[in-house]
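Dropping protein_18.txt in here (compact mmCIF, C-alpha atoms and all ligand atoms):
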```
# COMPACT_ATOMS: atom_id res chain seq x y z
CA MET U 1 -27.77 -40.47 -16.42
CA ASN U 2 -25.40 -38.05 -18.16
CA ILE U 3 -25.66 -37.26 -21.84
CA GLU U 4 -22.26 -38.89 -22.51
CA ASN U 5 -23.78 -42.20 -21.39
CA THR U 6 -26.67 -42.09 -23.85
CA PHE U 7 -26.26 -44.08 -27.04
CA ASN U 8 -29.78 -44.84 -28.18
CA VAL U 9 -33.40 -43.78 -27.77
CA GLU U 10 -33.98 -46.12 -24.84
CA ASP U 11 -31.16 -44.30 -23.01
CA PHE U 12 -32.81 -40.94 -23.82
CA ARG U 13 -36.09 -42.31 -22.48
CA LYS U 14 -34.45 -43.44 -19.22
CA ALA U 15 -32.76 -40.05 -18.85
CA ALA U 16 -36.10 -38.26 -19.38
CA ARG U 17 -37.73 -40.49 -16.80
CA GLU U 18 -35.04 -39.53 -14.31
CA ARG U 19 -35.06 -35.83 -15.04
CA ILE U 20 -38.70 -34.82 -15.40
CA PRO U 21 -41.65 -35.47 -13.07
CA ARG U 22 -43.87 -38.41 -13.67
CA LEU U 23 -46.85 -36.49 -15.03
CA ALA U 24 -44.68 -34.95 -17.78
CA PHE U 25 -42.88 -38.21 -18.58
CA ASP U 26 -46.16 -40.13 -18.73
CA TYR U 27 -47.72 -37.50 -21.01
CA PHE U 28 -44.80 -37.97 -23.45
CA ASP U 29 -44.40 -41.72 -23.13
CA GLY U 30 -47.99 -42.87 -22.84
CA GLY U 31 -50.48 -44.06 -25.42
CA ALA U 32 -54.24 -44.39 -25.61
CA GLU U 33 -56.36 -46.88 -23.67
CA GLY U 34 -54.46 -50.15 -23.07
CA GLU U 35 -51.37 -48.87 -24.96
CA THR U 36 -51.42 -51.99 -27.17
CA CYS U 37 -50.81 -49.87 -30.27
CA VAL U 38 -47.63 -48.39 -28.78
CA ALA U 39 -46.33 -51.93 -28.28
CA ARG U 40 -47.59 -53.07 -31.71
CA ASN U 41 -45.71 -50.28 -33.48
CA ARG U 42 -42.45 -51.58 -31.97
CA ALA U 43 -43.19 -55.28 -32.39
CA ALA U 44 -44.08 -54.80 -36.06
CA PHE U 45 -40.84 -52.94 -36.80
CA GLU U 46 -38.81 -55.57 -35.03
CA ALA U 47 -40.52 -58.36 -36.99
CA ILE U 48 -39.29 -56.97 -40.32
CA ARG U 49 -35.94 -58.36 -41.33
CA LEU U 50 -33.79 -56.76 -43.95
CA VAL U 51 -31.43 -58.84 -46.05
CA PRO U 52 -28.05 -57.24 -46.79
CA ASN U 53 -26.27 -57.44 -50.15
CA PHE U 54 -22.58 -58.32 -49.69
CA PRO U 55 -20.07 -57.13 -50.67
CA VAL U 56 -20.86 -53.80 -52.30
CA ASP U 57 -18.59 -50.75 -52.41
CA VAL U 58 -20.40 -48.39 -50.03
CA ALA U 59 -17.49 -46.09 -49.27
CA GLY U 60 -19.18 -43.18 -51.00
CA ARG U 61 -22.57 -43.35 -49.28
CA ASN U 62 -24.68 -40.23 -49.31
CA LEU U 63 -27.74 -40.04 -47.04
CA SER U 64 -29.40 -37.13 -48.78
CA THR U 65 -32.74 -37.52 -50.49
CA THR U 66 -35.53 -35.41 -51.93
CA PHE U 67 -39.09 -35.05 -50.73
CA LEU U 68 -41.73 -32.37 -51.19
CA GLY U 69 -39.50 -30.83 -53.82
CA ARG U 70 -36.50 -30.20 -51.60
CA THR U 71 -33.26 -32.00 -50.88
CA TRP U 72 -32.75 -33.02 -47.25
CA SER U 73 -29.61 -34.40 -45.65
CA CYS U 74 -31.30 -37.58 -44.43
CA PRO U 75 -34.71 -39.25 -44.93
CA PHE U 76 -36.29 -38.33 -41.61
CA GLY U 77 -37.85 -35.34 -39.88
CA VAL U 78 -39.24 -34.26 -36.51
CA ALA U 79 -42.98 -34.91 -36.04
CA PRO U 80 -45.29 -32.27 -34.53
CA MET U 81 -45.62 -32.48 -30.75
CA GLY U 82 -47.82 -30.31 -28.59
CA LEU U 83 -47.18 -29.22 -25.01
CA THR U 84 -43.48 -30.09 -25.09
CA GLY U 85 -42.78 -27.30 -22.59
CA VAL U 86 -44.35 -29.48 -19.92
CA GLY U 87 -41.03 -31.33 -19.94
CA ARG U 88 -38.61 -28.47 -20.57
CA SER U 89 -39.11 -24.89 -21.71
CA GLY U 90 -37.64 -24.15 -25.11
CA THR U 91 -38.00 -27.70 -26.44
CA ASP U 92 -39.74 -26.56 -29.66
CA ILE U 93 -36.96 -24.13 -30.47
CA ALA U 94 -34.21 -26.60 -29.50
CA LEU U 95 -35.68 -29.19 -31.84
CA ALA U 96 -36.35 -26.73 -34.67
CA ARG U 97 -32.77 -25.44 -34.50
CA ALA U 98 -31.23 -28.91 -34.27
CA ALA U 99 -33.33 -30.12 -37.22
CA ALA U 100 -32.33 -27.11 -39.32
CA ALA U 101 -28.65 -27.60 -38.47
CA ALA U 102 -28.94 -31.28 -39.42
CA GLY U 103 -30.75 -30.49 -42.69
CA ILE U 104 -34.01 -32.28 -41.85
CA PRO U 105 -37.56 -30.85 -41.57
CA TYR U 106 -39.20 -29.87 -38.29
CA VAL U 107 -42.99 -29.74 -37.88
CA LEU U 108 -44.49 -27.31 -35.34
CA SER U 109 -47.77 -28.32 -33.67
CA THR U 110 -50.88 -26.14 -33.44
CA VAL U 111 -50.76 -26.76 -29.69
CA ALA U 112 -47.04 -26.09 -29.36
CA THR U 113 -45.78 -24.21 -26.35
CA THR U 114 -43.87 -21.82 -28.64
CA SER U 115 -45.44 -19.57 -31.25
CA ILE U 116 -44.94 -20.10 -34.95
CA GLU U 117 -43.41 -16.63 -35.15
CA ALA U 118 -40.74 -17.46 -32.54
CA VAL U 119 -39.94 -20.90 -33.98
CA THR U 120 -39.61 -19.66 -37.57
CA ARG U 121 -37.35 -16.84 -36.35
CA ALA U 122 -35.13 -19.45 -34.70
CA ALA U 123 -35.06 -21.80 -37.72
CA PRO U 124 -36.03 -19.74 -40.78
CA GLY U 125 -37.04 -21.69 -43.89
CA ASN U 126 -37.03 -25.04 -42.09
CA VAL U 127 -40.37 -25.22 -40.27
CA TRP U 128 -43.53 -26.98 -41.42
CA PHE U 129 -46.81 -26.23 -39.62
CA GLN U 130 -49.26 -28.83 -38.32
CA LEU U 131 -52.91 -27.82 -38.18
CA TYR U 132 -55.66 -29.14 -35.94
CA VAL U 133 -58.94 -28.08 -37.52
CA THR U 134 -60.84 -26.16 -34.85
CA LYS U 135 -64.59 -25.78 -34.47
CA ASP U 136 -64.18 -22.06 -34.92
CA ARG U 137 -62.80 -22.09 -38.47
CA SER U 138 -61.71 -18.45 -38.19
CA ILE U 139 -58.93 -19.71 -35.87
CA CYS U 140 -57.69 -22.04 -38.64
CA ASP U 141 -57.88 -19.23 -41.18
CA ASP U 142 -55.78 -17.01 -38.96
CA LEU U 143 -53.24 -19.76 -38.19
CA LEU U 144 -52.81 -20.35 -41.94
CA LYS U 145 -52.30 -16.63 -42.53
CA ARG U 146 -49.69 -16.51 -39.75
CA ALA U 147 -47.92 -19.61 -41.12
CA ALA U 148 -47.79 -18.11 -44.63
CA ALA U 149 -46.54 -14.80 -43.23
CA CYS U 150 -43.72 -16.75 -41.55
CA ASP U 151 -42.75 -18.29 -44.94
CA VAL U 152 -43.90 -21.75 -43.95
CA ASP U 153 -44.36 -23.70 -47.16
CA VAL U 154 -45.68 -27.05 -45.89
CA LEU U 155 -48.96 -27.53 -44.02
CA VAL U 156 -49.59 -30.84 -42.25
CA VAL U 157 -53.23 -31.42 -41.39
CA THR U 158 -53.85 -34.04 -38.71
CA THR U 159 -56.88 -36.27 -39.19
CA ASP U 160 -56.84 -38.74 -36.33
CA THR U 161 -57.86 -36.62 -33.35
CA GLN U 162 -61.38 -35.38 -34.07
CA ILE U 163 -62.46 -37.56 -31.16
CA PRO U 164 -60.23 -36.91 -28.14
CA SER U 165 -58.37 -40.03 -27.13
CA ARG U 166 -58.39 -41.53 -23.69
CA ARG U 167 -54.96 -41.47 -22.09
CA GLU U 168 -55.29 -43.35 -18.89
CA ARG U 169 -51.88 -42.43 -17.47
CA ASP U 170 -52.77 -38.73 -17.88
CA MET U 171 -56.13 -39.35 -16.20
CA ARG U 172 -54.43 -41.09 -13.29
CA ASN U 173 -51.88 -38.28 -12.96
CA GLY U 174 -54.55 -35.57 -13.18
CA PHE U 175 -52.61 -34.10 -16.11
CA SER U 176 -54.12 -30.90 -17.46
CA LEU U 177 -53.22 -27.37 -18.46
CA PRO U 178 -52.52 -25.26 -16.56
CA LEU U 179 -50.59 -27.84 -14.52
CA ARG U 180 -52.47 -28.85 -11.39
CA PHE U 181 -50.72 -29.59 -8.17
CA ASP U 182 -52.02 -32.37 -5.95
CA ALA U 183 -50.05 -34.11 -3.20
CA ARG U 184 -48.63 -36.83 -5.46
CA SER U 185 -47.61 -34.55 -8.31
CA VAL U 186 -46.03 -32.02 -5.95
CA LEU U 187 -43.94 -34.81 -4.42
CA SER U 188 -42.78 -35.95 -7.85
CA MET U 189 -42.02 -32.35 -8.87
CA MET U 190 -39.99 -31.74 -5.70
CA ARG U 191 -37.80 -34.71 -6.63
CA HIS U 192 -36.87 -32.84 -9.81
CA PRO U 193 -35.44 -29.49 -8.66
CA ALA U 194 -34.00 -28.61 -12.10
CA TRP U 195 -37.46 -29.03 -13.60
CA CYS U 196 -38.95 -26.85 -10.80
CA MET U 197 -36.34 -24.14 -11.48
CA ASP U 198 -37.21 -24.24 -15.18
CA LYS U 199 -40.89 -23.75 -14.38
CA LEU U 200 -40.16 -20.99 -11.87
CA ALA U 201 -38.03 -19.20 -14.46
CA HIS U 202 -40.37 -19.65 -17.43
CA GLY U 203 -43.78 -20.12 -15.81
CA THR U 204 -46.29 -22.86 -16.52
CA PRO U 205 -46.16 -23.79 -20.23
CA LYS U 206 -48.55 -21.82 -22.42
CA LEU U 207 -49.96 -22.75 -25.79
CA GLN U 208 -48.39 -19.79 -27.57
CA ASN U 209 -49.90 -20.53 -31.00
CA ILE U 210 -53.45 -20.49 -29.83
CA ALA U 211 -53.04 -17.96 -27.02
CA PRO U 212 -54.44 -15.10 -29.17
CA TYR U 213 -57.74 -16.97 -29.60
CA LEU U 214 -58.41 -17.80 -25.96
CA PRO U 215 -61.46 -16.03 -24.59
CA PRO U 216 -60.48 -13.20 -22.22
CA GLY U 217 -59.53 -14.49 -18.79
CA THR U 218 -58.68 -18.01 -20.01
CA SER U 219 -54.90 -17.63 -19.80
CA ALA U 220 -54.66 -18.79 -16.22
CA GLY U 221 -57.89 -20.74 -16.33
CA PRO U 222 -59.17 -23.84 -18.02
CA ILE U 223 -57.08 -23.97 -21.21
CA ALA U 224 -57.78 -27.69 -21.44
CA SER U 225 -61.53 -27.07 -21.63
CA PHE U 226 -61.04 -24.42 -24.34
CA ILE U 227 -59.10 -26.97 -26.41
CA ALA U 228 -61.75 -29.61 -25.75
CA SER U 229 -64.43 -27.15 -26.89
CA GLN U 230 -62.56 -26.62 -30.18
CA ILE U 231 -62.20 -30.29 -31.14
CA ASP U 232 -64.58 -30.75 -34.04
CA ALA U 233 -66.23 -34.12 -34.62
CA THR U 234 -67.70 -32.83 -37.92
CA PHE U 235 -64.24 -32.47 -39.53
CA ASP U 236 -64.13 -34.47 -42.79
CA TRP U 237 -62.66 -34.64 -46.31
CA ASP U 238 -64.66 -31.57 -47.40
CA ASP U 239 -62.66 -29.56 -44.89
CA ILE U 240 -59.43 -30.96 -46.29
CA ALA U 241 -60.57 -30.07 -49.81
CA ARG U 242 -61.26 -26.50 -48.62
CA LEU U 243 -57.84 -26.35 -46.99
CA ARG U 244 -56.33 -27.48 -50.29
CA GLU U 245 -57.97 -24.50 -52.02
CA GLN U 246 -56.98 -22.10 -49.30
CA TRP U 247 -53.33 -23.14 -48.75
CA LYS U 248 -50.94 -22.23 -51.53
CA GLY U 249 -48.00 -24.36 -50.30
CA LYS U 250 -47.61 -28.13 -50.03
CA LEU U 251 -50.33 -30.02 -48.18
CA VAL U 252 -49.65 -33.18 -46.17
CA VAL U 253 -52.43 -35.33 -44.65
CA LYS U 254 -51.30 -36.92 -41.37
CA GLY U 255 -52.97 -39.94 -39.82
CA VAL U 256 -53.75 -42.04 -42.89
CA LEU U 257 -53.93 -45.79 -42.30
CA ALA U 258 -56.57 -46.97 -44.83
CA PRO U 259 -55.66 -47.31 -48.53
CA ALA U 260 -59.07 -45.79 -49.41
CA ASP U 261 -58.20 -42.66 -47.40
CA ALA U 262 -54.85 -42.44 -49.16
CA LYS U 263 -56.76 -42.41 -52.45
CA ARG U 264 -58.98 -39.60 -51.12
CA ALA U 265 -55.85 -37.65 -50.28
CA VAL U 266 -54.78 -38.05 -53.91
CA ALA U 267 -58.24 -36.96 -55.06
CA VAL U 268 -58.21 -33.73 -53.02
CA GLY U 269 -54.77 -32.85 -54.36
CA ALA U 270 -52.60 -33.46 -51.30
CA ASP U 271 -48.85 -33.63 -51.90
CA ALA U 272 -48.13 -36.33 -49.33
CA VAL U 273 -49.65 -38.45 -46.59
CA ILE U 274 -48.14 -39.53 -43.29
CA VAL U 275 -49.06 -43.08 -42.38
CA SER U 276 -49.48 -42.50 -38.66
CA ASN U 277 -51.42 -43.74 -35.66
CA HIS U 278 -50.28 -40.73 -33.62
CA GLY U 279 -47.62 -42.85 -31.95
CA GLY U 280 -50.32 -45.09 -30.48
CA ARG U 281 -52.03 -42.10 -28.89
CA ALA U 282 -55.33 -42.23 -30.84
CA LEU U 283 -57.23 -45.47 -31.67
CA ASP U 284 -55.56 -48.21 -29.65
CA ALA U 285 -56.80 -50.89 -32.05
CA SER U 286 -54.99 -49.28 -35.01
CA PRO U 287 -52.56 -51.36 -37.01
CA ALA U 288 -48.87 -50.67 -36.61
CA THR U 289 -47.93 -48.10 -39.23
CA ILE U 290 -45.23 -50.29 -40.77
CA GLU U 291 -47.95 -52.94 -41.29
CA ALA U 292 -50.31 -50.43 -42.93
CA LEU U 293 -47.64 -48.81 -45.11
CA PRO U 294 -47.38 -51.21 -48.09
CA ALA U 295 -51.10 -51.08 -48.92
CA VAL U 296 -51.10 -47.26 -48.72
CA VAL U 297 -48.05 -47.07 -51.01
CA ALA U 298 -49.78 -49.40 -53.48
CA ALA U 299 -53.05 -47.41 -53.33
CA VAL U 300 -51.50 -44.05 -54.20
CA GLY U 301 -49.54 -45.47 -57.14
CA GLY U 302 -46.81 -42.82 -56.93
CA LYS U 303 -49.33 -39.93 -57.22
CA LEU U 304 -48.17 -38.48 -53.91
CA GLU U 305 -45.35 -39.10 -51.47
CA VAL U 306 -45.85 -41.39 -48.51
CA PHE U 307 -44.20 -40.75 -45.15
CA LEU U 308 -44.49 -42.79 -41.96
CA ASP U 309 -44.28 -42.16 -38.25
CA SER U 310 -45.11 -43.99 -34.99
CA GLY U 311 -42.65 -46.23 -33.22
CA VAL U 312 -39.43 -45.21 -35.01
CA ARG U 313 -36.67 -45.70 -32.43
CA ARG U 314 -33.61 -46.57 -34.49
CA GLY U 315 -32.01 -45.80 -37.81
CA GLU U 316 -32.81 -49.34 -38.89
CA ASP U 317 -36.52 -48.51 -38.51
CA ILE U 318 -36.06 -45.66 -40.98
CA ALA U 319 -34.43 -48.17 -43.35
CA ARG U 320 -37.36 -50.56 -42.82
CA ALA U 321 -39.87 -47.81 -43.65
CA LEU U 322 -38.00 -46.83 -46.81
CA ALA U 323 -37.65 -50.47 -47.89
CA LEU U 324 -41.44 -50.75 -47.67
CA GLY U 325 -42.05 -47.67 -49.79
CA ALA U 326 -41.92 -44.58 -47.55
CA ARG U 327 -40.01 -41.52 -48.86
CA ALA U 328 -39.16 -40.48 -45.30
CA ALA U 329 -39.94 -41.27 -41.67
CA PHE U 330 -40.83 -38.88 -38.86
CA VAL U 331 -39.83 -39.22 -35.22
CA GLY U 332 -41.61 -37.95 -32.13
CA ARG U 333 -40.61 -39.38 -28.77
CA ALA U 334 -37.15 -40.45 -30.04
CA VAL U 335 -36.06 -36.81 -30.05
CA LEU U 336 -38.49 -35.49 -27.41
CA PHE U 337 -37.07 -37.64 -24.59
CA ALA U 338 -33.52 -36.46 -25.33
CA THR U 339 -34.53 -32.80 -25.49
CA ALA U 340 -36.61 -32.99 -22.31
CA ALA U 341 -33.61 -34.53 -20.54
CA PHE U 342 -30.74 -32.49 -22.00
CA GLY U 343 -32.12 -29.45 -23.85
CA ASP U 344 -30.30 -28.24 -27.00
CA LYS U 345 -27.55 -30.84 -26.65
CA GLY U 346 -30.12 -33.62 -26.35
CA ALA U 347 -31.96 -32.44 -29.47
CA GLU U 348 -28.68 -32.44 -31.41
CA ARG U 349 -27.50 -35.75 -30.02
CA SER U 350 -30.74 -37.62 -30.70
CA ILE U 351 -30.85 -36.49 -34.32
CA ALA U 352 -27.15 -37.37 -34.71
CA VAL U 353 -27.67 -40.83 -33.19
CA LEU U 354 -30.57 -41.62 -35.53
CA ARG U 355 -28.60 -40.33 -38.49
CA GLU U 356 -25.52 -42.38 -37.58
CA GLN U 357 -27.65 -45.49 -37.07
CA PHE U 358 -29.35 -44.98 -40.42
CA ASP U 359 -26.01 -44.47 -42.16
CA ARG U 360 -24.69 -47.70 -40.67
CA ALA U 361 -27.84 -49.60 -41.69
CA LEU U 362 -27.62 -48.26 -45.23
CA GLY U 363 -23.98 -49.29 -45.56
CA MET U 364 -24.59 -52.72 -44.07
CA LEU U 365 -27.43 -53.31 -46.52
CA GLY U 366 -25.08 -52.53 -49.39
CA CYS U 367 -26.68 -49.23 -50.43
CA ASN U 368 -25.06 -45.92 -51.28
CA SER U 369 -28.24 -43.86 -51.16
CA PRO U 370 -31.61 -44.06 -49.37
CA ASP U 371 -33.19 -44.12 -52.84
CA GLU U 372 -31.74 -47.60 -53.43
CA LEU U 373 -33.80 -49.09 -50.59
CA GLY U 374 -36.79 -51.12 -51.73
CA GLU U 375 -38.80 -54.27 -51.23
CA GLN U 376 -35.95 -56.43 -52.51
CA PHE U 377 -34.27 -55.91 -49.11
CA VAL U 378 -37.24 -57.21 -47.12
CA PHE U 379 -36.71 -60.81 -46.07
CA SER U 380 -39.16 -63.36 -47.33
CA PRO U 381 -38.57 -67.09 -46.79
CA THR U 382 -39.90 -67.86 -50.28
CA ARG U 383 -37.80 -65.46 -52.35
C1 LIG H 401 -46.04 -35.67 -26.51
C2 LIG H 401 -46.63 -35.80 -27.87
C3 LIG H 401 -47.42 -34.77 -28.37
C4 LIG H 401 -47.96 -34.87 -29.65
N1 LIG H 401 -48.69 -33.82 -30.15
C5 LIG H 401 -49.11 -33.86 -31.43
C6 LIG H 401 -49.75 -32.73 -32.01
O1 LIG H 401 -49.91 -31.69 -31.37
N2 LIG H 401 -50.16 -32.83 -33.29
C7 LIG H 401 -49.99 -33.98 -34.04
O2 LIG H 401 -50.39 -34.02 -35.20
N3 LIG H 401 -49.38 -35.05 -33.51
C8 LIG H 401 -48.92 -35.02 -32.24
N4 LIG H 401 -48.26 -36.09 -31.72
C9 LIG H 401 -48.02 -37.27 -32.56
C10 LIG H 401 -46.69 -37.13 -33.32
O3 LIG H 401 -46.78 -36.15 -34.31
C11 LIG H 401 -46.31 -38.45 -34.01
O4 LIG H 401 -47.37 -38.89 -34.82
C12 LIG H 401 -45.93 -39.54 -33.01
O5 LIG H 401 -45.22 -39.00 -31.92
C13 LIG H 401 -45.07 -40.57 -33.69
O6 LIG H 401 -44.79 -41.62 -32.84
P1 LIG H 401 -43.43 -41.76 -32.00
O7 LIG H 401 -43.54 -40.83 -30.86
O8 LIG H 401 -43.47 -43.18 -31.59
O9 LIG H 401 -42.30 -41.41 -32.93
C14 LIG H 401 -47.72 -36.04 -30.43
C15 LIG H 401 -46.92 -37.05 -29.93
C16 LIG H 401 -46.37 -36.95 -28.66
C17 LIG H 401 -45.48 -38.06 -28.15
```
As structure tokens, please, write out the structure in this file.
Ligand SMILES: Cc1cc2nc3c(=O)[nH]c(=O)nc-3n(C[C@H](O)[C@H](O)[C@H](O)COP(=O)(O)O)c2cc1C
Amino acid sequence: MNIENTFNVEDFRKAARERIPRLAFDYFDGGAEGETCVARNRAAFEAIRLVPNFPVDVAGRNLSTTFLGRTWSCPFGVAPMGLTGVGRSGTDIALARAAAAAGIPYVLSTVATTSIEAVTRAAPGNVWFQLYVTKDRSICDDLLKRAAACDVDVLVVTTDTQIPSRRERDMRNGFSLPLRFDARSVLSMMRHPAWCMDKLAHGTPKLQNIAPYLPPGTSAGPIASFIASQIDATFDWDDIARLREQWKGKLVVKGVLAPADAKRAVAVGADAVIVSNHGGRALDASPATIEALPAVVAAVGGKLEVFLDSGVRRGEDIARALALGARAAFVGRAVLFATAAFGDKGAERSIAVLREQFDRALGMLGCNSPDELGEQFVFSPTR
């Protein structure tokens, strides 16, 4: 499929499936356990109907909005994604640049395949940093120092991965870093010569952010087991409180689903939470984020900003999230598929498609600004 024939996220997904080997596609596309949460995220969005107001003069619509103290061109951003280089080298930079050009935030993962220094050089002033709290806290301390030195002003701390999730597609494919080559994966790779050329030119993807902390000799060895050894089951709200003291910029807690946790985020002085189930990649029994959102919004009572991710595939989903109280939505796979398939052009096109879809939804609802969206647009048979 050529880029000219892609008009929505499902097209980007099909293109990625065609253009990258199965083990990379499955790593991007898959969820945890039975993948019921991935399906639930979509079903819950689709179940929410929005009622338009007709006719309203919407000729002067403006998509811009403010969150975390800054004006953005549109109420969505790019969620942090690790190991994107498994699909295509340079994905982190392509997405960071495209987000900056579009005036929306980009979040770089701790386990990105590009370093924070390189990404902030490519998109200065537009990169947020996502932190996984590691067992060896001196790694976190150093990552925070590096982020601050790169003028990053927003730290996103992820809370839903202190127990590694079980991704059955990855287990079946023998997915690990460095990439392993068994008969089946080699066959799939050989069917994707462009992907093979990319890997020959750039080498197997490396976790550039954490590379400096790998024990000597690990670079070509068991990176996956180093990461596993750094996942810390003791991580709790005390750690987040310490991070709040340590980090001078804005602090965002990612992975909140329970209203009580949202209140804890307020109590520790966070600036925002992201209602997220990691795109269905953590606890498979989690509620869809759009289902969990209203109670979280009610619990925080406007004391911090609430964002949402997981399952956003169309501009109308962004409108749904805003109608139910989110300040902004974040997208992961929606832009990752396009970038894995088409590089820079895919990153730009996927952001443009979502933006255009959101603009259309806003106009059709009879709104001139994202800030006008609210519960009054959510269909209820009794209202
Ligand atoms: C391939 C992939 C890698 C991810 N890596 C990270 C990560 O390193 N850190 C993190 O906080 N979330 C990570 N996530 C979760 C995303 O930040 C986000 O919560 C999720 O993708 C949203 O769901 P969506 O893909 O349906 O939009 C990852 C998601 C994907 C698809």
message: Just want the residues within 8 Å of ligand LIG 401 (chain H), written as an NGL selection string, counting only C-alpha atoms and all ligand atoms.
response: :U and (27-30 or 38 or 41 or 79-84 or 109-112 or 130-132 or 156-159 or 254-255 or 276-281 or 309-313 or 330-334 or 336)
Please define a box with edges along x, y and z of the file around all atoms of segment 163-173 of chain U given in the file, extend it by 4 Å on each side, and return its centre and edge lengths in Å to one decimal, as AutoDock Vina command-line options.
```
--center_x -57.2 --center_y -40.1 --center_z -22.1 --size_x 18.6 --size_y 14.4 --size_z 26.2
```
task: One decimal, Å: what's the distance from atom CA of Phe7 of chain U over to atom CA of Ile318 of chain U, could you say?
output: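 We find that atom CA of Phe7 of chain U and atom CA of Ile318 of chain U lie 17.1 Å from each other.
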message: Could you list, as a list of chain:residue names, every residue within 6 Å of segment 314-317 of chain U, counting all atoms listed in the file and ignoring same-chain residues fewer than 2 positions away?
response: U:Val312, U:Ala319, U:Arg320, U:Leu354, U:Gln357, U:Phe358, U:Ala361
- prompt: Neighbours of Pro212 of chain U within 12 Å (all atoms listed in the file; same-chain residues fewer than 4 positions away dropped), as a list in words?
  reply: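 Counting only the stated atoms, we get Ser115, Ile139, Asp142, Leu143, Arg146, Lys206, Leu207, Gln208, Pro216, Gly217, Thr218 and Ser219 of chain U.
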field: Nearest to Phe25 of chain U by atom-to-atom distance, counting only C-alpha atoms, from U:Ser165, U:Gln230, U:Asn173, U:Asn53
entry: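 Ranked by minimum distance to Phe25 of chain U, first place goes to U:Asn173.
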Starting from the incomplete input, reconstruct N, CA and C atoms of segment 37-50 of chain U and write that as a short mmCIF file (atom, residue, chain, number, x, y, z; two decimals), in the frame of the given file.
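Below is the file that was written, out.cif:
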```
data_model
loop_
_atom_site.label_atom_id
_atom_site.label_comp_id
_atom_site.auth_asym_id
_atom_site.auth_seq_id
_atom_site.Cartn_x
_atom_site.Cartn_y
_atom_site.Cartn_z
N CYS U 37 -51.30 -50.37 -28.98
CA CYS U 37 -50.81 -49.87 -30.27
C CYS U 37 -49.35 -49.40 -30.16
N VAL U 38 -49.02 -48.81 -29.00
CA VAL U 38 -47.63 -48.39 -28.78
C VAL U 38 -46.73 -49.62 -28.90
N ALA U 39 -47.13 -50.70 -28.24
CA ALA U 39 -46.33 -51.93 -28.28
C ALA U 39 -46.33 -52.53 -29.68
N ARG U 40 -47.48 -52.48 -30.36
CA ARG U 40 -47.59 -53.07 -31.71
C ARG U 40 -46.68 -52.36 -32.70
N ASN U 41 -46.61 -51.03 -32.58
CA ASN U 41 -45.71 -50.28 -33.48
C ASN U 41 -44.29 -50.83 -33.38
N ARG U 42 -43.83 -51.07 -32.16
CA ARG U 42 -42.45 -51.58 -31.97
C ARG U 42 -42.34 -53.02 -32.46
N ALA U 43 -43.28 -53.85 -32.04
CA ALA U 43 -43.19 -55.28 -32.39
C ALA U 43 -43.18 -55.44 -33.91
N ALA U 44 -43.98 -54.64 -34.60
CA ALA U 44 -44.08 -54.80 -36.06
C ALA U 44 -42.78 -54.37 -36.74
N PHE U 45 -42.15 -53.30 -36.23
CA PHE U 45 -40.84 -52.94 -36.80
C PHE U 45 -39.85 -54.07 -36.60
N GLU U 46 -39.83 -54.57 -35.35
CA GLU U 46 -38.81 -55.57 -35.03
C GLU U 46 -39.01 -56.86 -35.81
N ALA U 47 -40.25 -57.12 -36.25
CA ALA U 47 -40.52 -58.36 -36.99
C ALA U 47 -40.04 -58.29 -38.44
N ILE U 48 -39.72 -57.09 -38.92
CA ILE U 48 -39.29 -56.97 -40.32
C ILE U 48 -37.78 -57.12 -40.42
N ARG U 49 -37.38 -58.11 -41.17
CA ARG U 49 -35.94 -58.36 -41.33
C ARG U 49 -35.49 -57.85 -42.68
N LEU U 50 -34.35 -57.28 -42.70
CA LEU U 50 -33.79 -56.76 -43.95
C LEU U 50 -32.58 -57.60 -44.32
#
```
